[in-house]
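> So I've got this file, model-v2.txt, and it contains compact mmCIF, C-alpha atoms and all ligand atoms:
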# COMPACT_ATOMS: atom_id res chain seq x y z
CA MET A 1 2.30 20.26 -28.94
CA ILE A 2 3.73 17.01 -30.28
CA PRO A 3 1.32 14.11 -29.74
CA ILE A 4 2.91 11.51 -27.48
CA GLN A 5 1.42 8.34 -26.14
CA SER A 6 1.59 8.52 -22.35
CA LYS A 7 3.41 5.57 -20.82
CA LEU A 8 1.36 6.05 -17.66
CA PRO A 9 -2.10 7.14 -18.75
CA GLY A 10 -4.37 7.68 -15.79
CA ILE A 11 -1.49 8.37 -13.41
CA ALA A 12 -1.61 11.80 -11.81
CA THR A 13 0.76 13.56 -9.39
CA THR A 14 1.47 11.46 -6.28
CA ILE A 15 -0.77 11.88 -3.27
CA PHE A 16 2.25 12.93 -1.18
CA THR A 17 2.88 15.97 -3.36
CA VAL A 18 -0.82 16.75 -3.63
CA MET A 19 -1.42 16.69 0.13
CA SER A 20 1.79 18.47 1.12
CA LYS A 21 0.98 21.24 -1.36
CA LEU A 22 -2.55 21.52 -0.05
CA ALA A 23 -1.23 21.62 3.53
CA ALA A 24 1.13 24.47 2.61
CA ALA A 25 -1.59 26.38 0.77
CA HIS A 26 -3.84 26.22 3.84
CA LYS A 27 -1.02 26.58 6.37
CA ALA A 28 -2.24 23.29 7.83
CA ILE A 29 -0.25 20.99 10.10
CA ASN A 30 1.23 18.49 7.71
CA LEU A 31 0.78 14.92 8.95
CA SER A 32 0.40 13.70 5.36
CA GLN A 33 3.73 13.02 3.62
CA GLY A 34 5.99 10.88 5.79
CA PHE A 35 8.93 12.94 7.05
CA PRO A 36 10.11 14.18 10.46
CA ASP A 37 9.58 17.83 11.42
CA PHE A 38 12.64 17.65 13.68
CA ASP A 39 16.26 17.71 12.61
CA CYS A 40 18.78 14.90 12.38
CA ASP A 41 21.70 14.64 14.81
CA PRO A 42 24.07 17.62 14.28
CA GLU A 43 26.97 15.18 14.64
CA LEU A 44 25.83 13.49 11.41
CA VAL A 45 25.80 16.85 9.62
CA ASN A 46 29.30 17.51 10.97
CA ARG A 47 30.58 14.23 9.59
CA VAL A 48 29.12 14.91 6.15
CA THR A 49 30.52 18.44 6.27
CA ALA A 50 33.93 17.06 7.23
CA ALA A 51 33.84 14.73 4.21
CA MET A 52 33.07 17.71 1.96
CA LYS A 53 35.83 19.80 3.54
CA ASN A 54 38.23 16.91 3.03
CA GLY A 55 37.55 17.11 -0.68
CA ALA A 56 35.29 14.06 -1.09
CA ASN A 57 33.31 15.90 -3.72
CA GLN A 58 33.68 13.82 -6.86
CA TYR A 59 31.92 10.69 -8.10
CA ALA A 60 31.61 7.82 -5.69
CA PRO A 61 32.33 4.34 -7.08
CA MET A 62 29.34 3.09 -9.08
CA ALA A 63 28.15 0.71 -6.35
CA GLY A 64 28.76 3.21 -3.55
CA THR A 65 31.72 3.96 -1.31
CA VAL A 66 33.50 0.92 0.09
CA GLU A 67 33.29 2.46 3.58
CA LEU A 68 29.49 2.55 3.55
CA ARG A 69 29.04 -0.86 1.94
CA GLU A 70 31.34 -2.41 4.55
CA VAL A 71 29.38 -0.84 7.41
CA ILE A 72 26.14 -2.16 5.87
CA THR A 73 27.63 -5.66 5.67
CA ARG A 74 28.45 -5.54 9.40
CA LYS A 75 25.07 -4.02 10.32
CA THR A 76 23.17 -6.68 8.38
CA GLU A 77 25.22 -9.51 9.84
CA ASN A 78 24.65 -8.24 13.38
CA LEU A 79 20.93 -7.71 12.90
CA TYR A 80 19.92 -10.60 10.67
CA GLY A 81 22.83 -13.04 10.79
CA ALA A 82 23.20 -12.70 7.02
CA ILE A 83 26.28 -11.98 4.97
CA TYR A 84 26.09 -9.70 1.93
CA HIS A 85 29.47 -9.12 0.35
CA PRO A 86 30.22 -5.40 0.06
CA GLU A 87 31.96 -5.89 -3.27
CA SER A 88 29.21 -7.71 -5.12
CA GLU A 89 25.97 -7.73 -3.13
CA ILE A 90 25.30 -4.17 -1.89
CA THR A 91 24.61 -1.03 -3.92
CA ILE A 92 24.02 2.46 -2.53
CA THR A 93 21.08 4.22 -4.16
CA ALA A 94 19.27 7.55 -4.27
CA GLY A 95 16.84 6.50 -1.55
CA GLY A 96 14.71 3.41 -1.25
CA SER A 97 12.71 4.71 -4.21
CA GLN A 98 15.53 4.31 -6.70
CA ALA A 99 16.41 0.91 -5.28
CA ILE A 100 12.82 -0.25 -5.86
CA PHE A 101 12.69 1.18 -9.37
CA THR A 102 16.07 -0.26 -10.32
CA ALA A 103 15.33 -3.74 -8.93
CA LEU A 104 12.09 -3.85 -10.91
CA ALA A 105 13.70 -2.47 -14.07
CA ALA A 106 16.46 -5.08 -13.79
CA VAL A 107 14.17 -8.11 -13.86
CA ILE A 108 10.66 -7.30 -15.09
CA ASN A 109 9.97 -8.01 -18.73
CA ALA A 110 6.80 -7.23 -20.70
CA GLY A 111 4.04 -9.61 -19.65
CA ASP A 112 5.62 -10.59 -16.33
CA GLU A 113 3.23 -10.64 -13.41
CA VAL A 114 4.10 -9.03 -10.08
CA ILE A 115 2.10 -9.62 -6.91
CA ILE A 116 1.65 -6.66 -4.58
CA PHE A 117 -0.22 -6.25 -1.30
CA GLU A 118 -2.51 -3.26 -1.21
CA PRO A 119 -2.68 -0.73 0.36
CA ALA A 120 0.75 -0.54 -1.29
CA TYR A 121 3.38 2.17 -1.44
CA ASP A 122 2.38 4.19 -4.44
CA SER A 123 5.44 3.67 -6.63
CA TYR A 124 5.11 -0.10 -7.05
CA ALA A 125 2.19 -0.42 -9.46
CA PRO A 126 3.13 2.44 -11.84
CA THR A 127 6.71 1.17 -12.06
CA ILE A 128 5.56 -2.34 -12.89
CA LYS A 129 3.26 -0.96 -15.59
CA LEU A 130 5.97 1.29 -16.99
CA LEU A 131 8.08 -1.81 -17.54
CA GLY A 132 5.26 -3.62 -19.32
CA GLY A 133 4.55 -5.86 -16.34
CA LEU A 134 1.14 -6.79 -15.01
CA VAL A 135 0.10 -5.98 -11.46
CA LYS A 136 -1.63 -8.75 -9.53
CA SER A 137 -2.97 -7.17 -6.44
CA TYR A 138 -3.95 -8.77 -3.15
CA GLU A 139 -6.26 -6.42 -1.30
CA LEU A 140 -5.74 -6.24 2.46
CA ILE A 141 -8.78 -5.18 4.43
CA PRO A 142 -8.97 -3.00 7.54
CA PRO A 143 -8.81 -3.12 10.48
CA ASN A 144 -6.18 -5.91 10.66
CA TYR A 145 -5.00 -6.13 7.05
CA ASP A 146 -4.18 -9.83 7.48
CA ILE A 147 -2.90 -12.01 4.66
CA ASP A 148 -4.66 -15.25 3.71
CA TRP A 149 -1.86 -17.11 1.96
CA GLU A 150 -4.30 -19.55 0.33
CA LEU A 151 -5.71 -16.54 -1.53
CA VAL A 152 -2.25 -15.26 -2.38
CA LYS A 153 -1.54 -18.67 -3.91
CA LYS A 154 -4.47 -18.17 -6.26
CA LEU A 155 -2.76 -15.07 -7.69
CA PHE A 156 0.23 -17.16 -8.74
CA SER A 157 0.50 -18.22 -12.39
CA ALA A 158 3.20 -19.45 -14.74
CA ARG A 159 3.93 -15.78 -15.49
CA THR A 160 4.49 -14.71 -11.87
CA LYS A 161 7.93 -13.11 -11.80
CA MET A 162 8.00 -11.38 -8.49
CA ILE A 163 6.23 -10.72 -5.24
CA ILE A 164 6.69 -7.36 -3.48
CA LEU A 165 6.61 -7.31 0.30
CA ASN A 166 6.76 -4.29 2.57
CA SER A 167 7.22 -4.92 6.28
CA PRO A 168 6.63 -2.90 8.37
CA GLN A 169 4.06 -1.81 5.85
CA ASN A 170 3.32 1.74 4.77
CA PRO A 171 0.55 2.81 5.39
CA THR A 172 -0.90 0.08 7.67
CA GLY A 173 2.03 -0.49 10.03
CA ARG A 174 1.45 -4.21 9.58
CA MET A 175 4.44 -6.50 10.07
CA LEU A 176 5.08 -9.91 8.58
CA THR A 177 4.86 -12.65 11.22
CA GLU A 178 6.76 -15.93 11.44
CA SER A 179 3.68 -17.69 10.12
CA ASP A 180 3.59 -15.33 7.09
CA ILE A 181 7.23 -16.17 6.47
CA THR A 182 6.53 -19.91 6.69
CA ALA A 183 3.63 -19.60 4.24
CA LEU A 184 5.67 -17.43 1.87
CA THR A 185 8.59 -19.85 1.95
CA LYS A 186 6.27 -22.74 1.10
CA LEU A 187 4.66 -20.76 -1.70
CA VAL A 188 7.84 -19.81 -3.51
CA LYS A 189 9.72 -23.06 -2.92
CA GLY A 190 10.56 -24.77 -6.20
CA THR A 191 9.46 -21.74 -8.27
CA ASP A 192 11.50 -19.04 -10.03
CA VAL A 193 9.58 -16.27 -8.29
CA LEU A 194 11.74 -13.40 -7.05
CA ILE A 195 11.04 -11.21 -4.02
CA LEU A 196 11.40 -7.45 -3.68
CA SER A 197 11.36 -6.74 0.04
CA ASP A 198 10.86 -3.09 0.91
CA GLU A 199 12.22 -2.88 4.45
CA VAL A 200 12.67 0.88 4.77
CA TYR A 201 10.96 0.85 8.21
CA GLU A 202 13.06 -2.08 9.53
CA HIS A 203 14.19 -0.04 12.58
CA ILE A 204 10.76 1.33 13.47
CA VAL A 205 8.99 -1.60 15.14
CA TYR A 206 7.02 -1.63 18.37
CA ASP A 207 6.21 -3.53 21.55
CA GLY A 208 9.41 -5.55 21.52
CA GLN A 209 8.63 -7.18 18.18
CA LYS A 210 11.43 -8.25 15.89
CA HIS A 211 11.58 -7.13 12.27
CA LEU A 212 11.67 -10.22 10.08
CA SER A 213 13.98 -9.51 7.18
CA MET A 214 14.21 -11.60 4.03
CA ALA A 215 17.94 -11.52 4.74
CA SER A 216 17.44 -13.82 7.75
CA TYR A 217 15.97 -16.74 5.80
CA PRO A 218 18.47 -18.38 3.39
CA GLU A 219 15.71 -19.84 1.18
CA LEU A 220 14.16 -16.37 0.78
CA LYS A 221 17.42 -14.40 0.75
CA GLU A 222 18.60 -16.28 -2.36
CA ARG A 223 15.68 -14.85 -4.39
CA SER A 224 15.33 -11.40 -2.76
CA PHE A 225 16.23 -7.79 -3.35
CA VAL A 226 16.16 -6.14 0.10
CA VAL A 227 15.65 -2.37 0.10
CA ALA A 228 16.56 0.06 2.92
CA SER A 229 16.52 3.83 3.39
CA PHE A 230 18.82 6.15 5.34
CA GLY A 231 16.04 8.74 5.23
CA LYS A 232 14.07 6.66 7.75
CA LEU A 233 17.07 5.50 9.76
CA LEU A 234 18.62 8.92 10.32
CA HIS A 235 15.72 11.41 9.99
CA THR A 236 17.18 12.60 6.70
CA THR A 237 14.47 11.98 4.09
CA GLY A 238 15.75 14.96 2.10
CA TRP A 239 19.14 13.37 1.55
CA LYS A 240 17.60 10.63 -0.58
CA LEU A 241 20.07 7.89 0.24
CA GLY A 242 19.34 4.22 0.62
CA TYR A 243 20.61 0.85 -0.53
CA CYS A 244 19.76 -2.48 -2.04
CA MET A 245 21.14 -5.87 -1.01
CA ALA A 246 20.80 -9.01 -3.11
CA PRO A 247 22.75 -12.18 -3.93
CA ASP A 248 25.45 -11.47 -6.50
CA TYR A 249 23.58 -12.96 -9.50
CA LEU A 250 20.71 -10.51 -8.87
CA MET A 251 22.92 -7.58 -7.89
CA LYS A 252 24.84 -7.99 -11.16
CA GLU A 253 21.63 -7.27 -13.09
CA PHE A 254 20.66 -4.49 -10.65
CA ARG A 255 23.96 -2.70 -11.30
CA LYS A 256 23.57 -2.97 -15.07
CA VAL A 257 20.57 -0.66 -14.69
CA HIS A 258 21.93 1.44 -11.82
CA GLN A 259 25.08 2.40 -13.75
CA PHE A 260 23.06 3.97 -16.55
CA ASN A 261 20.39 5.43 -14.34
CA VAL A 262 22.33 7.42 -11.72
CA PHE A 263 25.75 5.77 -12.07
CA SER A 264 26.50 6.63 -8.43
CA VAL A 265 25.07 8.76 -5.62
CA ASN A 266 26.17 11.53 -3.26
CA THR A 267 29.77 10.92 -2.10
CA PRO A 268 30.17 13.09 1.05
CA MET A 269 26.86 11.88 2.50
CA GLN A 270 27.87 8.27 1.98
CA LEU A 271 31.15 8.86 3.79
CA GLY A 272 29.52 10.86 6.59
CA ILE A 273 26.84 8.21 7.10
CA ALA A 274 29.40 5.36 7.05
CA ASN A 275 31.39 7.09 9.74
CA TYR A 276 28.30 7.87 11.82
CA ILE A 277 26.54 4.49 11.73
CA SER A 278 29.70 2.49 12.32
CA ASP A 279 28.55 2.99 15.92
CA SER A 280 25.22 1.14 16.13
CA SER A 281 24.17 3.08 19.24
CA LYS A 282 23.31 5.85 16.77
CA TYR A 283 20.23 3.92 15.68
CA ASP A 284 19.69 1.20 18.30
CA ASP A 285 17.06 3.27 20.11
CA LEU A 286 15.02 4.29 17.07
CA SER A 287 12.13 1.96 17.89
CA SER A 288 11.75 3.24 21.45
CA PHE A 289 12.09 6.83 20.23
CA PHE A 290 9.18 6.34 17.83
CA GLN A 291 7.22 4.09 20.18
CA GLN A 292 6.99 7.01 22.59
CA LYS A 293 5.57 9.14 19.81
CA ARG A 294 3.19 6.42 18.68
CA ASP A 295 1.87 5.87 22.19
CA ALA A 296 1.48 9.59 22.88
CA PHE A 297 -0.25 10.19 19.53
CA ARG A 298 -2.59 7.20 19.95
CA GLY A 299 -3.42 8.34 23.48
CA MET A 300 -4.29 11.82 22.20
CA LEU A 301 -6.36 10.48 19.29
CA LEU A 302 -8.57 8.60 21.75
CA GLU A 303 -10.01 12.02 22.60
CA THR A 304 -11.22 12.43 19.01
CA LYS A 305 -14.05 10.70 17.16
CA PHE A 306 -11.64 8.65 15.04
CA LYS A 307 -11.23 4.92 15.64
CA LEU A 308 -7.64 3.77 15.81
CA LEU A 309 -6.34 0.95 13.64
CA PRO A 310 -3.36 -1.12 14.86
CA CYS A 311 0.15 0.26 14.37
CA ASN A 312 2.86 -2.35 14.83
CA GLY A 313 5.63 -0.60 12.93
CA SER A 314 6.47 2.41 10.68
CA TYR A 315 5.67 5.99 11.70
CA PHE A 316 2.15 6.00 10.39
CA GLN A 317 -1.09 5.74 12.30
CA CYS A 318 -4.24 4.85 10.39
CA VAL A 319 -7.69 5.78 11.65
CA THR A 320 -11.21 5.20 10.43
CA TYR A 321 -14.00 7.74 10.51
CA ALA A 322 -16.67 5.32 9.18
CA ASP A 323 -18.85 5.90 12.26
CA ILE A 324 -18.98 9.66 11.89
CA ALA A 325 -19.15 10.52 8.19
CA ASP A 326 -20.16 9.04 4.90
CA THR A 327 -17.78 10.98 2.66
CA ASN A 328 -14.99 9.15 0.86
CA ASP A 329 -11.48 9.46 2.23
CA LYS A 330 -10.22 11.91 -0.41
CA GLU A 331 -13.06 14.31 0.39
CA MET A 332 -12.49 13.75 4.09
CA ALA A 333 -8.75 14.48 3.79
CA ILE A 334 -9.51 17.71 1.92
CA LYS A 335 -12.10 18.68 4.53
CA LEU A 336 -9.61 18.10 7.34
CA VAL A 337 -7.11 20.44 5.66
CA GLU A 338 -9.55 23.14 4.67
CA ASP A 339 -11.81 23.20 7.74
CA PHE A 340 -9.58 21.88 10.53
CA GLY A 341 -6.02 22.68 9.39
CA VAL A 342 -4.62 19.13 9.52
CA ALA A 343 -3.30 17.22 6.50
CA SER A 344 -3.47 13.42 6.23
CA ILE A 345 -3.26 10.84 3.45
CA PRO A 346 -6.43 9.15 2.16
CA VAL A 347 -5.52 5.46 2.18
CA SER A 348 -7.55 4.77 -0.98
CA ALA A 349 -4.56 6.33 -2.81
CA PHE A 350 -2.67 3.11 -2.02
CA TYR A 351 -5.15 0.89 -3.89
CA ILE A 352 -5.54 0.56 -7.67
CA ARG A 353 -9.25 -0.21 -7.42
CA ASN A 354 -11.58 2.51 -6.16
CA THR A 355 -11.99 1.58 -2.51
CA ASP A 356 -14.10 3.20 0.17
CA TYR A 357 -12.79 1.91 3.49
CA LYS A 358 -12.85 5.41 5.03
CA VAL A 359 -9.31 5.22 6.39
CA LEU A 360 -6.86 8.11 6.78
CA ARG A 361 -3.14 7.92 7.50
CA PHE A 362 -1.36 10.33 9.83
CA CYS A 363 2.44 10.57 10.09
CA PHE A 364 3.56 10.88 13.71
CA ALA A 365 7.27 11.49 13.04
CA LYS A 366 6.68 14.94 14.49
CA LYS A 367 7.54 17.01 17.55
CA GLU A 368 5.22 16.52 20.49
CA SER A 369 4.02 20.11 20.14
CA THR A 370 3.04 19.46 16.50
CA LEU A 371 1.11 16.32 17.40
CA ASN A 372 -0.59 18.10 20.31
CA GLU A 373 -1.72 20.98 18.16
CA ALA A 374 -2.90 18.64 15.39
CA VAL A 375 -5.02 16.60 17.80
CA ASN A 376 -6.45 19.75 19.40
CA ARG A 377 -7.69 20.68 15.97
CA LEU A 378 -8.99 17.17 15.22
CA MET A 379 -10.94 17.14 18.48
CA LYS A 380 -13.20 19.80 16.97
CA LEU A 381 -14.43 17.29 14.39
N1 LIG B 401 9.14 2.43 0.47
C1 LIG B 401 8.26 2.84 1.39
C2 LIG B 401 7.30 1.87 1.95
C3 LIG B 401 8.23 4.18 1.79
O1 LIG B 401 7.35 4.59 2.70
C4 LIG B 401 9.14 5.07 1.21
C5 LIG B 401 9.03 6.52 1.53
N2 LIG B 401 9.90 6.96 2.32
C6 LIG B 401 10.07 4.58 0.29
C7 LIG B 401 10.03 3.26 -0.08
C8 LIG B 401 11.08 5.47 -0.36
O2 LIG B 401 12.17 5.74 0.46
P1 LIG B 401 13.17 6.91 0.14
O3 LIG B 401 12.59 8.16 0.71
O4 LIG B 401 14.43 6.50 0.81
O5 LIG B 401 13.29 6.98 -1.33
N1 LIG B 402 7.36 7.60 2.08
C1 LIG B 402 6.72 8.82 2.39
C2 LIG B 402 5.26 8.57 2.69
O1 LIG B 402 4.77 7.50 2.57
C3 LIG B 402 6.81 9.88 1.33
C4 LIG B 402 7.55 9.58 0.11
C5 LIG B 402 7.28 10.55 -0.99
O2 LIG B 402 6.93 11.69 -0.76
N2 LIG B 402 7.41 10.08 -2.18
O3 LIG B 402 4.60 9.51 3.05
Would you mind writing the file's structure down as structure tokens?
Ligand code: PMP
Ligand code: GLN


Amino acid sequence: MIPIQSKLPGIATTIFTVMSKLAAAHKAINLSQGFPDFDCDPELVNRVTAAMKNGANQYAPMAGTVELREVITRKTENLYGAIYHPESEITITAGGSQAIFTALAAVINAGDEVIIFEPAYDSYAPTIKLLGGLVKSYELIPPNYDIDWELVKKLFSARTKMIILNSPQNPTGRMLTESDITALTKLVKGTDVLILSDEVYEHIVYDGQKHLSMASYPELKERSFVVASFGKLLHTTGWKLGYCMAPDYLMKEFRKVHQFNVFSVNTPMQLGIANYISDSSKYDDLSSFFQQKRDAFRGMLLETKFKLLPCNGSYFQCVTYADIADTNDKEMAIKLVEDFGVASIPVSAFYIRNTDYKVLRFCFAKKESTLNEAVNRLMKL
């Protein structure tokens, strides 16, 4: 074995892989990794298939097909009143994940500080470290996970390069409010701090709330990379397609990295998706579709000993078991798989520090029968 110095010492396999593997090994119901257990619309598959049959099987342009970028421009203008030029301000990526990685790689230099809000999606901190950046973490606390912007301000320094936001947030379902936006705008005004806004759950918001995108606020838009995912929008997490939008001066740097990372991504899927989502009725009802699932799942969970945390967006429901057990959440998640046949995600995996809030995350992007059976099992706890 050749001795190499790990670039990510202390980083193990992601919790999503660990829990999905464990679920499979125990034939448990998998409410851990976030993906639907129902299929996407067959019409979408037909449109992708048609693109393949029409011979669209070679490299897409580096930034993505013009068709898809133009549809995204229209979608973003309709939803957020913001214009991103398809030619210079939108790039199609291999999922939200690659968009996040590429945006960070494009702008983070050694020693730069990046503020994240934990519990945070698990790719942020390792990517920042890989690039030589320093993670400055703001720890959100259950049950409400609210942000005190005066405390966020204290994390700012002359080396702050970027702040990463994720609304609706995975795993807490928390959404940024207008008052968060006002505080954020005040905080970054007059600074060179950039924003990476992970908005992959933009279409999964509940109770008539409106998703507040960085795209909607000119003062924030001018310093933001906005990330989206077709996996979430179309129930196609396995297709790994997403996109990044940013003002041209940022997108120029993004593409310098993108072109040598993947160069371009899946052509027939881009064309099929462009064709499919040109009709916004294909995704207009996504929130009500998932709200039904959220409400049903929450209703069922009331019959268990878990306490429900709020879920304002995303397809994740967090619960606490603090009243019924003293084990940490990793042990609890393993126990639920091994003894009860239900897989979840221990939320401590989304914090850098060792935390013990006793919170588990369940994904409810599942058929009603799956959720029913899972809760039947959890009722035995
Ligand atoms: N950000 C968040 C908050 C996520 O939950 C996910 C997982 N789907 C991603 C980014 C990555 O998205 P994708 O699957 O499109 O790479
Ligand atoms: N975003 C999904 C989740 O939070 C899974 C992504 C992944 O497996 N990397 O569960």

> Could the residues of chain A that have an atom at most 10 Å from ligand LIG 401 (chain B) be listed as a tab-separated table, each with its closest atom pair and the distance in Å to one decimal, counting all atoms listed in the file and ordered by chain and ascending residue number?


residue	atom	partner	partner_atom	distance
A:Phe16	CA	B:LIG401	C5	9.7
A:Gln33	CA	B:LIG401	C5	8.6
A:Gly34	CA	B:LIG401	N2	6.5
A:Phe35	CA	B:LIG401	N2	7.7
A:Thr93	CA	B:LIG401	O4	8.6
A:Ala94	CA	B:LIG401	O5	6.7
A:Gly95	CA	B:LIG401	O4	3.4
A:Gly96	CA	B:LIG401	O4	3.7
A:Ser97	CA	B:LIG401	O5	3.7
A:Gln98	CA	B:LIG401	O5	6.4
A:Ala99	CA	B:LIG401	O5	7.9
A:Ile100	CA	B:LIG401	C7	7.3
A:Phe101	CA	B:LIG401	C7	9.9
A:Ala120	CA	B:LIG401	C2	7.7
A:Tyr121	CA	B:LIG401	C2	5.2
A:Asp122	CA	B:LIG401	C1	8.4
A:Ser123	CA	B:LIG401	C7	8.0
A:Tyr124	CA	B:LIG401	N1	8.9
A:Leu165	CA	B:LIG401	C2	9.4
A:Asn166	CA	B:LIG401	C2	6.2
A:Ser167	CA	B:LIG401	C2	8.1
A:Pro168	CA	B:LIG401	C2	8.0
A:Gln169	CA	B:LIG401	C2	6.3
A:Asn170	CA	B:LIG401	C2	4.9
A:Pro171	CA	B:LIG401	O1	7.5
A:Gly173	CA	B:LIG401	C2	9.9
A:Ser197	CA	B:LIG401	N1	9.4
A:Asp198	CA	B:LIG401	N1	5.8
A:Glu199	CA	B:LIG401	C2	7.3
A:Val200	CA	B:LIG401	N1	5.8
A:Tyr201	CA	B:LIG401	C2	7.3
A:Val227	CA	B:LIG401	C7	8.0
A:Ala228	CA	B:LIG401	O4	7.1
A:Ser229	CA	B:LIG401	O4	4.3
A:Phe230	CA	B:LIG401	O4	6.3
A:Gly231	CA	B:LIG401	O4	5.2
A:Lys232	CA	B:LIG401	N2	6.9
A:Leu233	CA	B:LIG401	O4	9.4
A:Thr236	CA	B:LIG401	O3	8.8
A:Thr237	CA	B:LIG401	O3	5.4
A:Gly238	CA	B:LIG401	O3	7.6
A:Trp239	CA	B:LIG401	O4	8.4
A:Lys240	CA	B:LIG401	O4	5.4
A:Leu241	CA	B:LIG401	O4	5.8
A:Gly242	CA	B:LIG401	O4	5.4
A:Tyr243	CA	B:LIG401	O4	8.5
A:Ser314	CA	B:LIG401	O1	8.3
A:Tyr315	CA	B:LIG401	O1	9.3
A:Phe316	CA	B:LIG401	O1	9.4

> Excluding Cys311 in chain A and any residue of its chain fewer than 2 positions from it, enumerate the residues within 12 Å of it, using all atoms listed in the file, and give them as a CSV table (one decimal) with C-alpha atoms, in the coordinates of the input.


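Produced file result_14.csv, reproduced below:
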chain,number,residue,atom,x,y,z
A,142,PRO,CA,-9.0,-3.0,7.5
A,143,PRO,CA,-8.8,-3.1,10.5
A,144,ASN,CA,-6.2,-5.9,10.7
A,145,TYR,CA,-5.0,-6.1,7.0
A,167,SER,CA,7.2,-4.9,6.3
A,168,PRO,CA,6.6,-2.9,8.4
A,169,GLN,CA,4.1,-1.8,5.8
A,170,ASN,CA,3.3,1.7,4.8
A,171,PRO,CA,0.6,2.8,5.4
A,172,THR,CA,-0.9,0.1,7.7
A,173,GLY,CA,2.0,-0.5,10.0
A,174,ARG,CA,1.4,-4.2,9.6
A,175,MET,CA,4.4,-6.5,10.1
A,204,ILE,CA,10.8,1.3,13.5
A,205,VAL,CA,9.0,-1.6,15.1
A,206,TYR,CA,7.0,-1.6,18.4
A,207,ASP,CA,6.2,-3.5,21.6
A,209,GLN,CA,8.6,-7.2,18.2
A,290,PHE,CA,9.2,6.3,17.8
A,291,GLN,CA,7.2,4.1,20.2
A,293,LYS,CA,5.6,9.1,19.8
A,294,ARG,CA,3.2,6.4,18.7
A,295,ASP,CA,1.9,5.9,22.2
A,297,PHE,CA,-0.2,10.2,19.5
A,298,ARG,CA,-2.6,7.2,20.0
A,308,LEU,CA,-7.6,3.8,15.8
A,309,LEU,CA,-6.3,1.0,13.6
A,313,GLY,CA,5.6,-0.6,12.9
A,314,SER,CA,6.5,2.4,10.7
A,315,TYR,CA,5.7,6.0,11.7
A,316,PHE,CA,2.2,6.0,10.4
A,317,GLN,CA,-1.1,5.7,12.3
A,318,CYS,CA,-4.2,4.8,10.4
A,319,VAL,CA,-7.7,5.8,11.6
A,361,ARG,CA,-3.1,7.9,7.5
A,362,PHE,CA,-1.4,10.3,9.8
A,363,CYS,CA,2.4,10.6,10.1
A,364,PHE,CA,3.6,10.9,13.7

> If we count all atoms listed in the file, what is near range 54-56 of chain A at a cut-off of 8 Å, once residues fewer than 4 positions away on the same chain are taken out, given as a PDB file with C-alpha atoms, in the coordinates of the input?


ATOM      1  CA  ALA A  50      33.930  17.060   7.230  1.00  0.00           C
ATOM      2  CA  THR A 267      29.770  10.920  -2.100  1.00  0.00           C
ATOM      3  CA  PRO A 268      30.170  13.090   1.050  1.00  0.00           C
TER       4      PRO A 268
END

> Within 10 Å of (-15.8, 3.8, 15.5) (coordinates as in the file), grab all the protein and nucleic acid residues, counting all atoms listed in the file, and write them out as a PyMOL selection string.

chain A and resi 305-308+319-324

> Write out, as an mmCIF file, keeping the file's coordinate frame, the residues just selected, with C-alpha atoms.


data_model
loop_
_atom_site.group_PDB
_atom_site.id
_atom_site.type_symbol
_atom_site.label_atom_id
_atom_site.label_comp_id
_atom_site.auth_asym_id
_atom_site.auth_seq_id
_atom_site.Cartn_x
_atom_site.Cartn_y
_atom_site.Cartn_z
ATOM 1 C CA LYS A 305 -14.050 10.700 17.160
ATOM 2 C CA PHE A 306 -11.640 8.650 15.040
ATOM 3 C CA LYS A 307 -11.230 4.920 15.640
ATOM 4 C CA LEU A 308 -7.640 3.770 15.810
ATOM 5 C CA VAL A 319 -7.690 5.780 11.650
ATOM 6 C CA THR A 320 -11.210 5.200 10.430
ATOM 7 C CA TYR A 321 -14.000 7.740 10.510
ATOM 8 C CA ALA A 322 -16.670 5.320 9.180
ATOM 9 C CA ASP A 323 -18.850 5.900 12.260
ATOM 10 C CA ILE A 324 -18.980 9.660 11.890
#

> Would you compute the distance between CA of Glu331 in chain A and CA of Gly10 in chain A? Give it in Å to one decimal.

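Atom-to-atom, CA of Glu331 in chain A and CA of Gly10 in chain A are spaced 19.5 Å apart.
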
> Which is closest to Gln58 in chain A among A:Ala12, A:Asn266, A:Met19, A:Gly81, if we use only C-alpha atoms?

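The answer is A:Asn266, which sits nearest to Gln58 in chain A.
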
> Tell me which of A:Val347, A:Ile29, A:Ala374, A:Leu286 sits closest to ligand LIG 402 (chain B), counting only C-alpha atoms and all ligand atoms.

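Checking each of A:Val347, A:Ile29, A:Ala374, A:Leu286 against ligand LIG 402 (chain B), counting only C-alpha atoms and all ligand atoms, the winner is A:Val347.
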
> For Pro86 in chain A, which residue out of A:Cys244, A:Ala365, A:Ile141, A:Ala183 is the nearest one, using only C-alpha atoms?

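For Pro86 in chain A, the nearest of the candidates is A:Cys244.
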
> In Å, with one decimal, what is the gap from CA of Ser216 in chain A to CA of Asp112 in chain A?

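Taking CA of Ser216 in chain A and CA of Asp112 in chain A, their separation equals 27.0 Å.
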
> So which one's closest to ligand LIG 402 (chain B), A:Ile92, A:Ile4, A:Ala349, A:Glu150? Using all atoms listed in the file, please.

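Selected residue with least distance to ligand LIG 402 (chain B): A:Ala349.
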
> Taking all atoms of range 283-300 of chain A that the file lists and extending 3 Å past them on each side, where is the centre of the axis-aligned box and how long are its edges? Answer in Å to one decimal, as JSON.


{"center_x": 8.0, "center_y": 6.5, "center_z": 19.6, "size_x": 30.5, "size_y": 16.6, "size_z": 13.8}

> Using all atoms listed in the file, can you tell me which of A:Ala110, A:Val193, A:Ala105, A:Leu31 comes closest to ligand LIG 402 (chain B)?

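Under the stated criterion, the closest residue is A:Leu31.
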